[in-house]
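Worksheet: one structure, shown below.
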Protein chains: 2
Amino acid sequence: MKYLEHSVRVLVHEGVYKKDPETSDLGKNIVSNSLVLIDTIGFEAFTFKKLGEKIGSNESSIYRYFENKHMLLLYLASWYWSWKEYILAFQTAEITNPFQKLKKAIEILSATRSKDDNFAHIDEVALHRVIINEYSKSYLTKEVDAENEEGYFKVYKRLVLRLQEIIVSIKPNYKYSLSLSSTVLEGILHQQFLKDHFPTITNCNEEVTAPDFFNDLVLKCLK
Amino acid sequence: MKYLEHSVRVLVHEGVYKKDPETSDLGKNIVSNSLVLIDTIGFEAFTFKKLGEKIGSNESSIYRYFENKHMLLLYLASWYWSWKEYILAFQTAEITNPFQKLKKAIEILSATRSKDDNFAHIDEVALHRVIINEYSKSYLTKEVDAENEEGYFKVYKRLVLRLQEIIVSIKPNYKYSLSLSSTVLEGILHQQFLKDHFPTITNCNEEVTAPDFFNDLVLKCLK
DNA sequence: ACAAATATGATAGTAATACTATTATATTTG
DNA sequence: CAAATATAATAGTATTACTATCATATTTGT
């Protein structure tokens, strides 16, 4: 049952994998453990060889699922954003007040873990950290235009548009709704990174959260 | 004369290089050509071997200046931010109106090239593109805390604080001046990237610029 | 002017990375 | 029970990311 739900709500673009990791135990192991390993040693030091050793599997078997570690990162990112999109749709559906909707959206996009969800093999908290630390690297490449055409960033872009819709519903004549939305989504990750590594250039800390700041920011923009 | 000026205004932390590239022709060649090569093939594909071939020099000679390509990126980034800081200090010194000062600051931080400056061996436009595409990679690493302690990100953080000072001078009781400042600085790079690669999620294009958006944003926050 | 120091170049070598190919073996399925 | 499929094991290649050594050219200090 868990898995049926899972595959229904979290859809990853077919092009990013050679073989769908959801269809086998090895595949699920690759995904769940790559997450933990990237979180531990960082994306640069991460290799398929080390992952193979960790899961007691052969390097060559991993290559049957993903062309390389870049594609695996695209997979993890798609999974993350797709999951966020699902929670966003689900948890804001009932909210009619657009201000409350916006607040809820920012909260969801900033959240380390979702209260009502639970996936068998994915460590949500580790995934959240990996996205903060590594997501930019998935698009800051020379291949970004080709991969964008393939549709690998569709889910992320759709999320930006969903947030933008809420913004527009509050202030239809606001000229920078797209830029505000993409700034908030990117900024949420960035402020969380700063909180952990460059605390002198952010107000976010144990008391002040990223949602506090971005809520205030967006509301002021839409007044 | 140019070089005297240069070394006075652009100061890079000693720890990022093994030998100061400003002290020799080879060093200057390394810096200027690495810039062009990274801009052309991207940081991931960039190697010291390829750079050596490009400048007709040996790989091992380049290693005498920089420990590895990561340190070279830190160098280029420090150089860039130090240069921006200089221009900012210089061009806003005379402005007494804090709103005008803020506008000028955002303009400078977004500018591809500076009008009144000209460096013999640095291609400013290429450097600006490299910063947009690669700067995040300099701090999204497992070594960030150690390198931050060494002071490798001092210039960048100081720039954020300078922008924040202007913000505070306009609205002293604004609670999120640091986060706003760091969001703007990061956002300026991000919106320019989106304009080039993900135009559907930004309002920035040929007519609307990043300064247009961020000026509007910051002014609304400080009203 | 000359010895000493320094900078660069050339070559070689190592360990790790990023794969591809082949073959053997185990498991599933029709 | 045969055929198809998945995984594991091994080997091999080109490239990367260096380090070490030695020769040679250039600069500098006296």
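Letters for chains follow the order of the structure tokens (A, B, ...), residue numbers begin at 1 for each chain, and ligand numbers begin at 1 in the order shown.
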Please return, as a ChimeraX atom specification, all residues of chain A lying within 10 Å of chain C when only C-alpha atoms (C1' of nucleotides) are considered. /A:47-49,60,63,67-69
Could the residues in this selection be written to a file with C-alpha atoms, as a compact mmCIF listing (two decimals), in the first residue's frame?
```
# COMPACT_ATOMS: atom_id res chain seq x y z
CA THR A 47 31.38 7.62 -6.41
CA PHE A 48 29.45 4.58 -7.62
CA LYS A 49 32.32 2.41 -6.40
CA SER A 60 28.61 -2.14 -12.69
CA TYR A 63 25.53 1.77 -13.79
CA GLU A 67 24.27 6.68 -16.41
CA ASN A 68 26.40 8.55 -13.87
CA LYS A 69 26.20 10.35 -10.55
```
Let's see if you can do this: from backbone DSSP, list all helix (DSSP H, G or I) residues in range 78-130 of chain A, as a PyMOL selection string. chain A and resi 78-92+98-110+124-130
With C-alpha atoms retained, export the selected residues as a short mmCIF file (atom, residue, chain, number, x, y, z; two decimals), in the first residue's frame.
```cif
data_model
loop_
_atom_site.label_atom_id
_atom_site.label_comp_id
_atom_site.auth_asym_id
_atom_site.auth_seq_id
_atom_site.Cartn_x
_atom_site.Cartn_y
_atom_site.Cartn_z
CA SER A 78 13.13 15.32 -9.10
CA TRP A 79 11.97 13.00 -6.39
CA TYR A 80 12.30 15.75 -3.78
CA TRP A 81 10.46 18.42 -5.75
CA SER A 82 7.79 16.02 -6.89
CA TRP A 83 7.20 15.06 -3.29
CA LYS A 84 7.04 18.72 -2.23
CA GLU A 85 4.59 19.41 -5.03
CA TYR A 86 2.36 16.60 -3.85
CA ILE A 87 2.35 17.83 -0.26
CA LEU A 88 1.74 21.37 -1.44
CA ALA A 89 -1.24 20.41 -3.58
CA PHE A 90 -2.64 18.19 -0.86
CA GLN A 91 -2.17 20.48 2.11
CA THR A 92 -3.22 23.75 0.49
CA PRO A 98 -4.78 33.18 -0.39
CA PHE A 99 -2.65 34.70 2.38
CA GLN A 100 -3.00 31.59 4.46
CA LYS A 101 -2.31 29.51 1.37
CA LEU A 102 0.89 31.44 0.73
CA LYS A 103 2.00 31.05 4.30
CA LYS A 104 1.36 27.33 4.20
CA ALA A 105 3.23 27.00 0.90
CA ILE A 106 6.34 28.72 2.27
CA GLU A 107 6.16 26.57 5.36
CA ILE A 108 5.98 23.36 3.32
CA LEU A 109 8.82 24.38 1.02
CA SER A 110 11.02 25.13 4.02
CA GLU A 124 13.52 12.68 4.26
CA VAL A 125 15.77 14.65 6.55
CA ALA A 126 18.91 13.56 4.73
CA LEU A 127 17.26 14.31 1.39
CA HIS A 128 16.41 17.82 2.55
CA ARG A 129 20.03 18.42 3.52
CA VAL A 130 21.28 17.00 0.23
#
```
Need to verify the contact set: DA8 in chain D, 8 Å, only C-alpha atoms (C1' of nucleotides), exclusion of same-chain residues closer than 5 positions in sequence. Can you return it as a list in words? Ser57, Asn58 and Ser61 of chain A; DT25 of chain C
Keeping only C-alpha atoms (C1' of nucleotides), write the selected residues as a JSON list (two decimals), in the first residue's frame.
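Below is the file result-v2.json, written as the result:
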```
[["chain", "number", "residue", "atom", "x", "y", "z"],
["A", 57, "SER", "CA", 26.78, -4.55, -4.60],
["A", 58, "ASN", "CA", 28.87, -4.16, -7.69],
["A", 61, "SER", "CA", 25.18, -3.01, -11.31],
["C", 25, "DT", "C1'", 25.79, -17.33, -11.87]]
```
Asn133 in chain B environment, 8 Å, only C-alpha atoms (C1' of nucleotides), sequence neighbours closer than 4 positions dropped, as a PDB file with C-alpha atoms, in the first residue's frame:
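Writing the result to around29.pdb gives the following:
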```
ATOM      1  CA  LEU A 140      24.906  24.825 -12.915  1.00  0.00           C
ATOM      2  CA  THR A 141      26.391  22.816 -15.780  1.00  0.00           C
TER       3      THR A 141
ATOM      4  CA  ARG B 129      29.578  34.760 -16.254  1.00  0.00           C
ATOM      5  CA  PHE B 193      21.145  32.508 -14.587  1.00  0.00           C
TER       6      PHE B 193
END
```
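The chain D residues that come within 12 Å of chain A are DA6, DT7, DA8, DA9 and DT10 of chain D, with only C-alpha atoms (C1' of nucleotides) taken into account.
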Using only C-alpha atoms, find the residues of chain B whose closest atom to chain A is at most 9 Å away, then write them as a PyMOL selection string. chain B and resi 40-44+132-134+136-137+140-142+144-145+148+157-158+160-161+164+175-184+186-187+190-191+193-194+197-198+200-204+210+213+216-223
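The gap separating CA of Glu94 in chain B from CA of Ile166 in chain B is 13.6 Å, in Å to one decimal.
Near Glu14 in chain A, within 12 Å and counting only C-alpha atoms (C1' of nucleotides), sit Leu11, Val12, Val16, Tyr17, Lys18, Lys19, Asp20, Pro21, Glu22, Tyr65, Phe66, Met71, Leu74, Tyr75, Ser78, Trp79, Glu150, Gly151 and Tyr152 of chain A; same-chain residues fewer than 2 positions away were not included.
In this structure, CA of Ser32 in chain A sits 18.4 Å away from CA of Ser138 in chain A.
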